[in-house]
Each structure stands twice: as C-alpha cells, then as structure tokens.
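Engineer: For reference, the file upload-v6.cif (mmCIF, C-alpha atoms) is included below:
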```
data_upload
loop_
_atom_site.label_atom_id
_atom_site.label_comp_id
_atom_site.auth_asym_id
_atom_site.auth_seq_id
_atom_site.Cartn_x
_atom_site.Cartn_y
_atom_site.Cartn_z
CA MET A 1 122.00 66.30 69.65
CA TRP A 2 120.45 65.66 73.04
CA VAL A 3 121.94 68.91 74.41
CA ILE A 4 120.29 70.91 71.65
CA LEU A 5 116.98 69.16 72.22
CA ALA A 6 117.23 70.00 75.91
CA LEU A 7 117.80 73.63 75.00
CA LEU A 8 114.75 73.56 72.77
CA LEU A 9 112.63 72.16 75.58
CA ALA A 10 113.97 74.78 77.96
CA LEU A 11 113.17 77.59 75.55
CA SER A 12 109.68 76.34 74.84
CA SER A 13 108.90 76.02 78.53
CA GLY A 14 110.35 79.45 79.38
CA THR A 15 113.05 78.10 81.68
CA LEU A 16 116.24 79.23 79.96
CA SER A 17 119.06 80.34 82.27
CA GLN A 18 117.37 83.55 83.38
CA ASP A 19 113.63 83.97 83.76
CA LYS A 20 112.78 87.49 82.63
CA LEU A 21 109.56 87.35 84.63
CA ASN A 22 111.36 86.73 87.91
CA MET A 23 114.86 88.16 88.01
CA CYS A 24 117.02 90.86 89.58
CA MET A 25 119.11 93.26 87.55
CA ASP A 26 122.86 93.38 88.01
CA ALA A 27 123.12 96.66 89.92
CA LYS A 28 124.62 98.15 93.07
CA HIS A 29 122.31 96.86 95.83
CA HIS A 30 120.20 94.17 94.14
CA LYS A 31 120.17 90.57 95.29
CA VAL A 32 121.37 87.95 92.81
CA ASN A 33 117.97 86.26 92.79
CA PRO A 34 114.54 87.38 94.05
CA GLY A 35 112.97 85.79 97.07
CA PRO A 36 110.87 86.43 100.20
CA GLU A 37 111.88 89.23 102.57
CA GLY A 38 109.65 89.24 105.61
CA GLN A 39 110.68 92.56 107.12
CA LEU A 40 110.78 95.08 104.26
CA TYR A 41 110.45 98.61 105.58
CA GLN A 42 107.36 100.81 105.23
CA GLN A 43 106.81 101.77 101.57
CA CYS A 44 108.88 98.83 100.33
CA ALA A 45 106.68 96.35 102.23
CA PRO A 46 104.44 95.41 99.26
CA TRP A 47 107.37 93.47 97.74
CA LYS A 48 108.03 91.35 100.85
CA ASP A 49 106.73 88.10 99.30
CA ASN A 50 109.21 88.25 96.42
CA ALA A 51 111.86 90.96 96.35
CA CYS A 52 115.19 91.88 94.78
CA CYS A 53 116.01 94.12 97.77
CA THR A 54 117.09 93.21 101.30
CA ALA A 55 115.44 94.54 104.46
CA ASN A 56 118.43 96.81 105.04
CA THR A 57 118.18 98.29 101.54
CA SER A 58 114.47 98.93 102.05
CA GLU A 59 115.15 100.84 105.26
CA GLU A 60 117.91 102.92 103.72
CA ALA A 61 115.59 103.82 100.83
CA HIS A 62 113.59 105.96 103.26
CA ASP A 63 116.53 108.01 104.56
CA ASP A 64 117.81 111.33 103.25
CA ASN A 65 121.40 110.97 102.01
CA SER A 66 121.31 107.22 102.69
CA TYR A 67 124.34 105.09 101.94
CA LEU A 68 122.52 103.61 98.92
CA TYR A 69 123.56 106.45 96.61
CA ASN A 70 124.24 109.44 98.91
CA PHE A 71 121.52 111.21 96.96
CA ASN A 72 120.28 114.52 98.37
CA TRP A 73 116.57 115.08 97.72
CA ASN A 74 116.86 118.52 99.34
CA HIS A 75 119.26 120.05 96.82
CA CYS A 76 117.03 123.12 96.33
CA GLY A 77 115.45 123.30 99.78
CA ILE A 78 113.53 120.81 101.89
CA MET A 79 111.38 118.51 99.77
CA SER A 80 107.84 118.09 101.08
CA HIS A 81 106.75 114.79 102.56
CA GLN A 82 103.98 114.36 99.96
CA CYS A 83 106.51 114.66 97.14
CA LYS A 84 109.23 112.60 98.78
CA LYS A 85 106.92 109.62 99.30
CA HIS A 86 106.80 109.16 95.53
CA PHE A 87 110.59 109.10 95.29
CA ILE A 88 110.72 106.53 98.09
CA GLN A 89 108.14 104.41 96.23
CA ASP A 90 110.18 104.88 93.05
CA THR A 91 113.30 103.69 94.88
CA CYS A 92 111.46 100.67 96.29
CA PHE A 93 110.16 99.81 92.82
CA TYR A 94 113.66 100.03 91.33
CA GLU A 95 115.43 98.14 94.11
CA CYS A 96 112.79 95.53 94.96
CA SER A 97 110.83 94.64 91.83
CA PRO A 98 111.53 91.14 90.41
CA HIS A 99 109.41 91.72 87.28
CA LEU A 100 111.44 94.23 85.27
CA GLY A 101 113.11 91.68 83.00
CA PRO A 102 111.57 92.84 79.69
CA TRP A 103 113.09 96.31 80.18
CA ILE A 104 116.54 95.49 81.57
CA GLN A 105 119.42 96.69 79.41
CA LYS A 106 123.18 96.18 79.69
CA VAL A 107 125.20 99.29 80.60
CA ASP A 108 128.84 100.08 81.25
CA GLN A 109 128.69 102.15 84.45
CA SER A 110 130.88 102.05 87.53
CA TRP A 111 127.97 101.37 89.88
CA ARG A 112 125.88 98.94 87.84
CA LYS A 113 126.02 96.63 84.84
CA GLU A 114 122.31 96.77 84.02
CA ARG A 115 119.55 99.36 84.06
CA ILE A 116 115.88 99.63 83.11
CA LEU A 117 114.75 101.52 80.01
CA ASP A 118 111.25 102.63 78.94
CA VAL A 119 109.30 100.78 81.63
CA PRO A 120 105.64 101.67 80.81
CA LEU A 121 104.18 103.41 83.84
CA CYS A 122 100.49 103.74 84.59
CA LYS A 123 99.00 107.15 83.90
CA GLU A 124 97.82 107.56 87.50
CA ASP A 125 101.32 107.05 88.89
CA CYS A 126 102.86 109.76 86.72
CA HIS A 127 100.04 112.23 87.32
CA GLU A 128 99.91 111.74 91.10
CA TRP A 129 103.71 111.98 91.37
CA TRP A 130 103.80 115.20 89.35
CA GLU A 131 100.79 116.70 91.15
CA ASP A 132 102.32 116.08 94.60
CA CYS A 133 105.67 117.56 93.51
CA LYS A 134 104.50 120.50 91.37
CA ASN A 135 105.30 123.06 94.09
CA GLU A 136 108.85 121.77 94.62
CA ILE A 137 112.06 123.31 93.29
CA THR A 138 114.91 121.64 91.43
CA CYS A 139 117.93 122.65 89.36
CA LYS A 140 118.17 119.71 86.95
CA THR A 141 116.03 117.87 84.44
CA ASP A 142 117.94 114.56 84.38
CA TRP A 143 118.77 113.48 87.93
CA HIS A 144 120.99 110.62 86.78
CA LYS A 145 123.91 112.80 85.74
CA GLY A 146 125.59 116.19 85.84
CA TRP A 147 125.60 116.81 89.61
CA ASP A 148 128.43 118.29 91.63
CA TRP A 149 129.57 115.41 93.86
CA SER A 150 132.59 117.20 95.38
CA SER A 151 130.94 117.29 98.83
CA GLY A 152 130.13 113.58 98.78
CA THR A 153 126.45 114.14 98.02
CA ASN A 154 124.85 115.61 94.93
CA GLN A 155 124.71 119.39 94.78
CA CYS A 156 123.44 121.65 91.99
CA PRO A 157 126.16 122.35 89.40
CA LYS A 158 127.52 125.91 89.36
CA ASP A 159 125.95 126.79 86.03
CA SER A 160 122.45 125.84 87.18
CA LYS A 161 119.75 127.57 89.18
CA CYS A 162 116.85 126.30 91.24
CA ARG A 163 113.57 126.62 89.38
CA LYS A 164 109.94 125.72 89.96
CA TRP A 165 109.10 122.09 89.27
CA THR A 166 106.57 123.07 86.61
CA GLU A 167 109.22 125.04 84.72
CA VAL A 168 111.58 122.07 84.68
CA TYR A 169 108.81 119.50 84.12
CA PRO A 170 105.78 121.20 82.53
CA THR A 171 103.83 117.93 82.28
CA PRO A 172 103.66 114.57 84.08
CA LYS A 173 105.00 112.97 80.91
CA SER A 174 108.12 115.16 80.85
CA MET A 175 108.86 114.38 84.50
CA CYS A 176 108.34 110.62 84.29
CA GLU A 177 110.45 110.22 81.18
CA GLN A 178 113.23 112.73 81.79
CA ILE A 179 114.00 112.57 85.50
CA TRP A 180 115.79 109.18 85.33
CA SER A 181 117.14 109.17 81.76
CA ASN A 182 114.13 107.44 80.19
CA SER A 183 113.99 104.65 82.73
CA TYR A 184 110.22 105.16 82.56
CA LEU A 185 107.83 105.59 79.65
CA TYR A 186 104.67 107.62 80.14
CA THR A 187 101.54 105.82 78.98
CA SER A 188 97.82 106.58 78.79
CA TYR A 189 97.06 103.15 80.28
CA THR A 190 95.31 102.99 83.65
CA LYS A 191 96.03 100.59 86.50
CA THR A 192 93.10 98.38 85.51
CA SER A 193 94.37 97.92 81.95
CA GLY A 194 97.01 95.27 82.63
CA ARG A 195 99.29 97.16 80.21
CA CYS A 196 101.30 99.35 82.59
CA MET A 197 103.57 98.87 85.59
CA GLN A 198 102.52 100.24 88.97
CA LEU A 199 105.17 102.00 91.04
CA TRP A 200 103.34 101.05 94.20
CA PHE A 201 100.47 98.75 95.10
CA THR A 202 98.74 96.99 97.95
CA GLY A 203 98.02 93.29 98.12
CA GLU A 204 99.18 90.96 95.34
CA ASN A 205 101.84 92.33 93.00
CA PRO A 206 100.04 93.23 89.72
CA ASN A 207 103.23 93.79 87.72
CA LYS A 208 104.08 90.19 86.83
CA LYS A 209 101.01 89.97 84.58
CA VAL A 210 102.07 93.19 82.87
CA ALA A 211 105.63 91.94 82.36
CA THR A 212 104.22 88.68 80.98
CA TYR A 213 102.15 90.60 78.44
CA TYR A 214 105.12 92.63 77.19
CA LEU A 215 107.45 89.66 77.14
CA ASN A 216 104.99 87.66 75.05
CA ASN A 217 103.84 90.47 72.77
CA ALA A 218 106.62 93.01 72.49
CA GLN A 219 109.42 90.59 71.60
CA PRO A 220 107.86 87.84 69.47
CA GLY A 221 110.48 88.32 66.75
CA LYS A 222 113.36 87.68 69.11
CA GLN A 223 111.73 84.58 70.55
CA SER A 224 110.92 83.18 67.09
CA PHE A 225 114.46 83.88 65.90
CA ALA A 226 115.97 82.06 68.88
CA LEU A 227 113.66 79.08 68.47
CA THR A 228 114.31 78.91 64.72
CA THR A 229 118.07 79.04 65.31
CA LEU A 230 117.95 76.17 67.78
CA LEU A 231 115.78 74.12 65.44
CA LEU A 232 118.26 74.60 62.59
CA LEU A 233 121.11 73.58 64.87
CA ALA A 234 119.20 70.48 65.93
CA PHE A 235 118.48 69.44 62.36
CA ALA A 236 122.09 70.12 61.32
CA SER A 237 123.39 68.00 64.18
CA PHE A 238 120.94 65.22 63.37
CA SER A 239 122.00 65.30 59.71
CA VAL A 240 125.69 64.97 60.68
CA MET A 241 124.90 62.03 62.95
CA MET A 242 122.95 60.26 60.19
CA HIS A 243 125.89 60.55 57.81
#
```
Give the structure from the file, written as structure tokens.
Structural biologist:
Amino acid sequence: MWVILALLLALSSGTLSQDKLNMCMDAKHHKVNPGPEGQLYQQCAPWKDNACCTANTSEEAHDDNSYLYNFNWNHCGIMSHQCKKHFIQDTCFYECSPHLGPWIQKVDQSWRKERILDVPLCKEDCHEWWEDCKNEITCKTDWHKGWDWSSGTNQCPKDSKCRKWTEVYPTPKSMCEQIWSNSYLYTSYTKTSGRCMQLWFTGENPNKKVATYYLNNAQPGKQSFALTTLLLLAFASFSVMMH
C-alpha cells in the first residue's frame, strides 16, 4: 500500500524514474544523464550549462568525416560553410539537448536504442537552413539510410545522381521533415511563440519551456491513464488489507 502511494506522489510531482524534461536518449554518443559541460566546442557551446554531449563529442561534431558517424557532408562536392553550419548546429542539437523527452521513441537499431520523432521546429530554423543550402547538391532525400558505406564513409548509391538541393527539397518543409526520417516536424510557429524547438540559440536555453508545454498538453490522456491506474491499484490494495 505504501509503495503504491509513493508511486502516486512521484507521478503527481513529476519525479518518476525518468524526467522527460531533463533526460538523454539512449543513443551512440549520449551521456547517461545531462549535466554541465564547461568546454563545449564552438556551435555546441550554448548547451554547456546542461548537456547530453561531452566536450569531445562537441568537437567531433564540427569535423568532416568525424568518428561520430563517419558521415561525409561532401558526397556531391564540397558543401559551403554557410550550409554546413546548419548541419553542425543540427548535430549539436541532437547530441547535446536534454529537453527532447516528449519526442523520444524506442527503436531497434545497431547504433542506438532511441531516436527523436516529429520534434516541432521553429519556422525560422527550417527556412534559414534551406535558404543557406539551396545552392548545394545532394543525391538522396533521406540521409538516414540507403548510402553506400563500402568505403567506410557514406557515398552516393550507384543508382543515384547528384541533383540541385531545390530539386530534392523543393521547400523548407520537405527538407526539414525528410532529411532525417521525420526526426523534425515543420511548423508555422516562430521562435517567440513558445511552441517550437530552436535548433540553436544564445543565452538561456528556450527549449525546456517548449518541451514542458508539449509534455503537459500533447499527452494528457497518457498521464491521466497512468494516474487512474495507480489510483485503482491503491484502492484495490487498501480493500485487500481491510478484509
């Protein structure tokens, strides 16, 4: 009885085993728990106060063909600096952010056990990313899969050809949603709305408030079901004890 009551208190106070507002996903380079990292490198630096990445991971995120994933940004020629900076910010967001809990999903993949799905991105982030990359060239729509890895880094598959970015991704929405297998969801929300996640920021991390909103509003049914279940268990246990 007392164990169940303790669980009820934990649920009501938001302190069940894993806090979805401050957690790291179970993936290749993530820390087990978020915490301060005083020396995060360059574009990963905004997460230094509370990060799921280490300083070494943040440095590798800036390198071409880094050991993180051996991913080759230059698979159809040299990617421009203005475009690449968005992919570095995207990597920092993925590796370092401790506020992705509402969108973490279980997966059965050799290199990770969890991923993010449909994280709502701010309109400005998608548009600026697409605008700075629109003159690039690529051979694939979904960069998560289908590459030729025989050389040790990703190369275009034989049946593909390098095409203009705007042919592969005609809109910012198509790029943001397709490039990483729907990890991101395009939204019309702006950065001041409090309803979308920012890939990069300066100063205080604005994304915890956004995650809080979605955790409290997007999953009320799940929370009510869990609370109701625990209440029923508590009453059942109490009834058994009384008899």
Engineer: Have a look at A:Thr57, A:Thr138, A:Ser183, A:Gln89 and name the one nearest to Thr166 of chain A; count all atoms listed in the file.
Structural biologist: A:Thr138
Engineer: Run through the PyMOL selection byres ((chain A and resi 197) around 9) on the given coordinates and return the selected residues as a short mmCIF file (atom, residue, chain, number, x, y, z; two decimals) with C-alpha atoms, in the coordinates of the input.
Structural biologist:
```cif
data_model
loop_
_atom_site.label_atom_id
_atom_site.label_comp_id
_atom_site.auth_asym_id
_atom_site.auth_seq_id
_atom_site.Cartn_x
_atom_site.Cartn_y
_atom_site.Cartn_z
CA VAL A 119 109.30 100.78 81.63
CA PRO A 120 105.64 101.67 80.81
CA LEU A 121 104.18 103.41 83.84
CA CYS A 122 100.49 103.74 84.59
CA LYS A 191 96.03 100.59 86.50
CA GLY A 194 97.01 95.27 82.63
CA ARG A 195 99.29 97.16 80.21
CA CYS A 196 101.30 99.35 82.59
CA GLN A 198 102.52 100.24 88.97
CA LEU A 199 105.17 102.00 91.04
CA TRP A 200 103.34 101.05 94.20
CA PRO A 206 100.04 93.23 89.72
CA ASN A 207 103.23 93.79 87.72
CA LYS A 208 104.08 90.19 86.83
CA VAL A 210 102.07 93.19 82.87
CA ALA A 211 105.63 91.94 82.36
#
```
Engineer: Counting only C-alpha atoms, which residues sit no farther than 10 Å from the position (102.0, 92.6, 93.5) in the file's frame? I'd like them as a list in words.
Structural biologist: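 It turns out the residues near that spot are Pro46, Trp47, Lys48, Asp49, Asn50, Ser97, His99, Gln198, Trp200, Phe201, Thr202, Gly203, Glu204, Asn205, Pro206, Asn207, Lys208 and Lys209 of chain A.
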Engineer: Mind pulling up the distance from atom CA of Ile104 of chain A to atom CA of Trp165 of chain A?
Structural biologist: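 Calculated distance between atom CA of Trp165 of chain A and atom CA of Ile104 of chain A is 28.7 Å.
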Engineer: Can you work out the spacing between atom CA of Cys76 of chain A and atom CA of Ile137 of chain A in Å, to one decimal?
Structural biologist: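 If I compute the distance from atom CA of Cys76 of chain A to atom CA of Ile137 of chain A, I get 5.8 Å.
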Engineer: Rounded to one decimal place, report the atom CA of Thr187 of chain A-atom CA of Glu124 of chain A distance in Å.
Structural biologist: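 Those two atoms sit 9.5 Å apart.
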Engineer: As number ranges by chain, please: the residues near Ser160 of chain A (cut-off 9 Å, only C-alpha atoms, same-chain neighbours under 2 positions excluded).
Structural biologist: A: 139-140, 156-158, 162
Engineer: From the options A:Ser150, A:Asn216, A:Asn22, A:Thr54, which residue's atoms come nearest to Glu95 of chain A, counting all atoms listed in the file?
Structural biologist: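 Distance minimum relative to Glu95 of chain A lands on A:Thr54.
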Engineer: Enclose the full set of atoms of segment 95-100 of chain A listed in the file within a box whose edges lie along x, y and z, apply 6 Å of padding to each of the six sides, and report centre and edge lengths in Å to one decimal as lines of an AutoDock Vina configuration file.
Structural biologist:
```
center_x = 112.4
center_y = 94.6
center_z = 90.1
size_x = 18.0
size_y = 19.0
size_z = 21.7
```
Engineer: Restricting the calculation to only C-alpha atoms, which member of A:Cys83, A:Cys92, A:Met25, A:Ile116 is positioned closest to Ser58 of chain A?
Structural biologist: A:Cys92
Engineer: Which residue out of A:Cys133, A:Ile88, A:Cys96, A:Val32 has the minimum interatomic distance to Thr171 of chain A when only C-alpha atoms are used?
Structural biologist: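 Looking only at the distances to Thr171 of chain A, the closest residue turns out to be A:Cys133.
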Engineer: Quick one: of A:Ser193, A:Glu136, A:Lys85, A:Phe93, who's nearest to Ala51 of chain A, counting all atoms listed in the file?
Structural biologist: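 Smallest separation from Ala51 of chain A among the options: A:Phe93.
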Engineer: Some atoms are absent from segment 166-177 of chain A, so rebuild all heavy atoms and return them as an mmCIF file, in the frame of the given file.
Structural biologist:
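What ended up in selection-v1.cif:
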```
data_model
loop_
_atom_site.group_PDB
_atom_site.id
_atom_site.type_symbol
_atom_site.label_atom_id
_atom_site.label_comp_id
_atom_site.auth_asym_id
_atom_site.auth_seq_id
_atom_site.Cartn_x
_atom_site.Cartn_y
_atom_site.Cartn_z
ATOM 1 N N THR A 166 107.349 122.990 87.836
ATOM 2 C CA THR A 166 106.570 123.070 86.610
ATOM 3 C C THR A 166 107.317 123.755 85.477
ATOM 4 O O THR A 166 106.916 123.621 84.308
ATOM 5 C CB THR A 166 105.241 123.805 86.867
ATOM 6 O OG1 THR A 166 105.508 125.049 87.557
ATOM 7 C CG2 THR A 166 104.319 122.965 87.748
ATOM 8 N N GLU A 167 108.367 124.490 85.773
ATOM 9 C CA GLU A 167 109.220 125.040 84.720
ATOM 10 C C GLU A 167 110.160 123.970 84.171
ATOM 11 O O GLU A 167 110.421 123.903 82.967
ATOM 12 C CB GLU A 167 110.048 126.215 85.251
ATOM 13 C CG GLU A 167 109.245 127.455 85.583
ATOM 14 C CD GLU A 167 110.132 128.569 86.105
ATOM 15 O OE1 GLU A 167 111.339 128.578 85.763
ATOM 16 O OE2 GLU A 167 109.641 129.419 86.860
ATOM 17 N N VAL A 168 110.671 123.138 85.078
ATOM 18 C CA VAL A 168 111.580 122.070 84.680
ATOM 19 C C VAL A 168 110.810 120.922 84.031
ATOM 20 O O VAL A 168 111.243 120.352 83.017
ATOM 21 C CB VAL A 168 112.383 121.558 85.893
ATOM 22 C CG1 VAL A 168 113.335 120.437 85.485
ATOM 23 C CG2 VAL A 168 113.160 122.708 86.537
ATOM 24 N N TYR A 169 109.668 120.581 84.624
ATOM 25 C CA TYR A 169 108.810 119.500 84.120
ATOM 26 C C TYR A 169 107.397 120.053 83.915
ATOM 27 O O TYR A 169 106.569 119.992 84.822
ATOM 28 C CB TYR A 169 108.760 118.338 85.106
ATOM 29 C CG TYR A 169 110.098 117.813 85.550
ATOM 30 C CD1 TYR A 169 110.504 117.942 86.885
ATOM 31 C CD2 TYR A 169 110.967 117.192 84.655
ATOM 32 C CE1 TYR A 169 111.734 117.450 87.305
ATOM 33 C CE2 TYR A 169 112.195 116.704 85.057
ATOM 34 C CZ TYR A 169 112.575 116.844 86.388
ATOM 35 O OH TYR A 169 113.792 116.364 86.793
ATOM 36 N N PRO A 170 107.101 120.585 82.732
ATOM 37 C CA PRO A 170 105.780 121.200 82.530
ATOM 38 C C PRO A 170 104.618 120.214 82.521
ATOM 39 O O PRO A 170 103.469 120.622 82.709
ATOM 40 C CB PRO A 170 105.923 121.886 81.164
ATOM 41 C CG PRO A 170 107.084 121.218 80.495
ATOM 42 C CD PRO A 170 107.996 120.781 81.584
ATOM 43 N N THR A 171 104.896 118.939 82.316
ATOM 44 C CA THR A 171 103.830 117.930 82.280
ATOM 45 C C THR A 171 104.257 116.673 83.045
ATOM 46 O O THR A 171 105.454 116.433 83.231
ATOM 47 C CB THR A 171 103.522 117.508 80.828
ATOM 48 O OG1 THR A 171 104.690 116.878 80.272
ATOM 49 C CG2 THR A 171 103.126 118.709 79.976
ATOM 50 N N PRO A 172 103.302 115.850 83.470
ATOM 51 C CA PRO A 172 103.660 114.570 84.080
ATOM 52 C C PRO A 172 104.516 113.713 83.160
ATOM 53 O O PRO A 172 105.427 113.024 83.609
ATOM 54 C CB PRO A 172 102.294 113.922 84.358
ATOM 55 C CG PRO A 172 101.359 115.073 84.520
ATOM 56 C CD PRO A 172 101.839 116.110 83.543
ATOM 57 N N LYS A 173 104.234 113.760 81.876
ATOM 58 C CA LYS A 173 105.000 112.970 80.910
ATOM 59 C C LYS A 173 106.469 113.390 80.898
ATOM 60 O O LYS A 173 107.374 112.542 80.920
ATOM 61 C CB LYS A 173 104.418 113.149 79.505
ATOM 62 C CG LYS A 173 105.137 112.359 78.409
ATOM 63 C CD LYS A 173 104.466 112.584 77.056
ATOM 64 C CE LYS A 173 105.034 111.660 75.980
ATOM 65 N NZ LYS A 173 106.457 111.935 75.678
ATOM 66 N N SER A 174 106.734 114.692 80.886
ATOM 67 C CA SER A 174 108.120 115.160 80.850
ATOM 68 C C SER A 174 108.871 114.735 82.110
ATOM 69 O O SER A 174 110.040 114.351 82.048
ATOM 70 C CB SER A 174 108.168 116.683 80.680
ATOM 71 O OG SER A 174 107.571 117.347 81.778
ATOM 72 N N MET A 175 108.217 114.786 83.262
ATOM 73 C CA MET A 175 108.860 114.380 84.500
ATOM 74 C C MET A 175 109.172 112.886 84.508
ATOM 75 O O MET A 175 110.311 112.474 84.762
ATOM 76 C CB MET A 175 107.982 114.729 85.706
ATOM 77 C CG MET A 175 108.604 114.396 87.050
ATOM 78 S SD MET A 175 107.386 114.210 88.385
ATOM 79 C CE MET A 175 106.633 112.645 87.927
ATOM 80 N N CYS A 176 108.156 112.069 84.218
ATOM 81 C CA CYS A 176 108.340 110.620 84.290
ATOM 82 C C CYS A 176 109.424 110.126 83.344
ATOM 83 O O CYS A 176 110.200 109.234 83.683
ATOM 84 C CB CYS A 176 107.027 109.900 83.997
ATOM 85 S SG CYS A 176 106.004 109.666 85.462
ATOM 86 N N GLU A 177 109.508 110.709 82.172
ATOM 87 C CA GLU A 177 110.450 110.220 81.180
ATOM 88 C C GLU A 177 111.842 110.813 81.311
ATOM 89 O O GLU A 177 112.837 110.157 80.993
ATOM 90 C CB GLU A 177 109.899 110.475 79.768
ATOM 91 C CG GLU A 177 108.635 109.682 79.496
ATOM 92 C CD GLU A 177 108.143 109.782 78.068
ATOM 93 O OE1 GLU A 177 108.623 110.686 77.343
ATOM 94 O OE2 GLU A 177 107.285 108.976 77.676
#
```
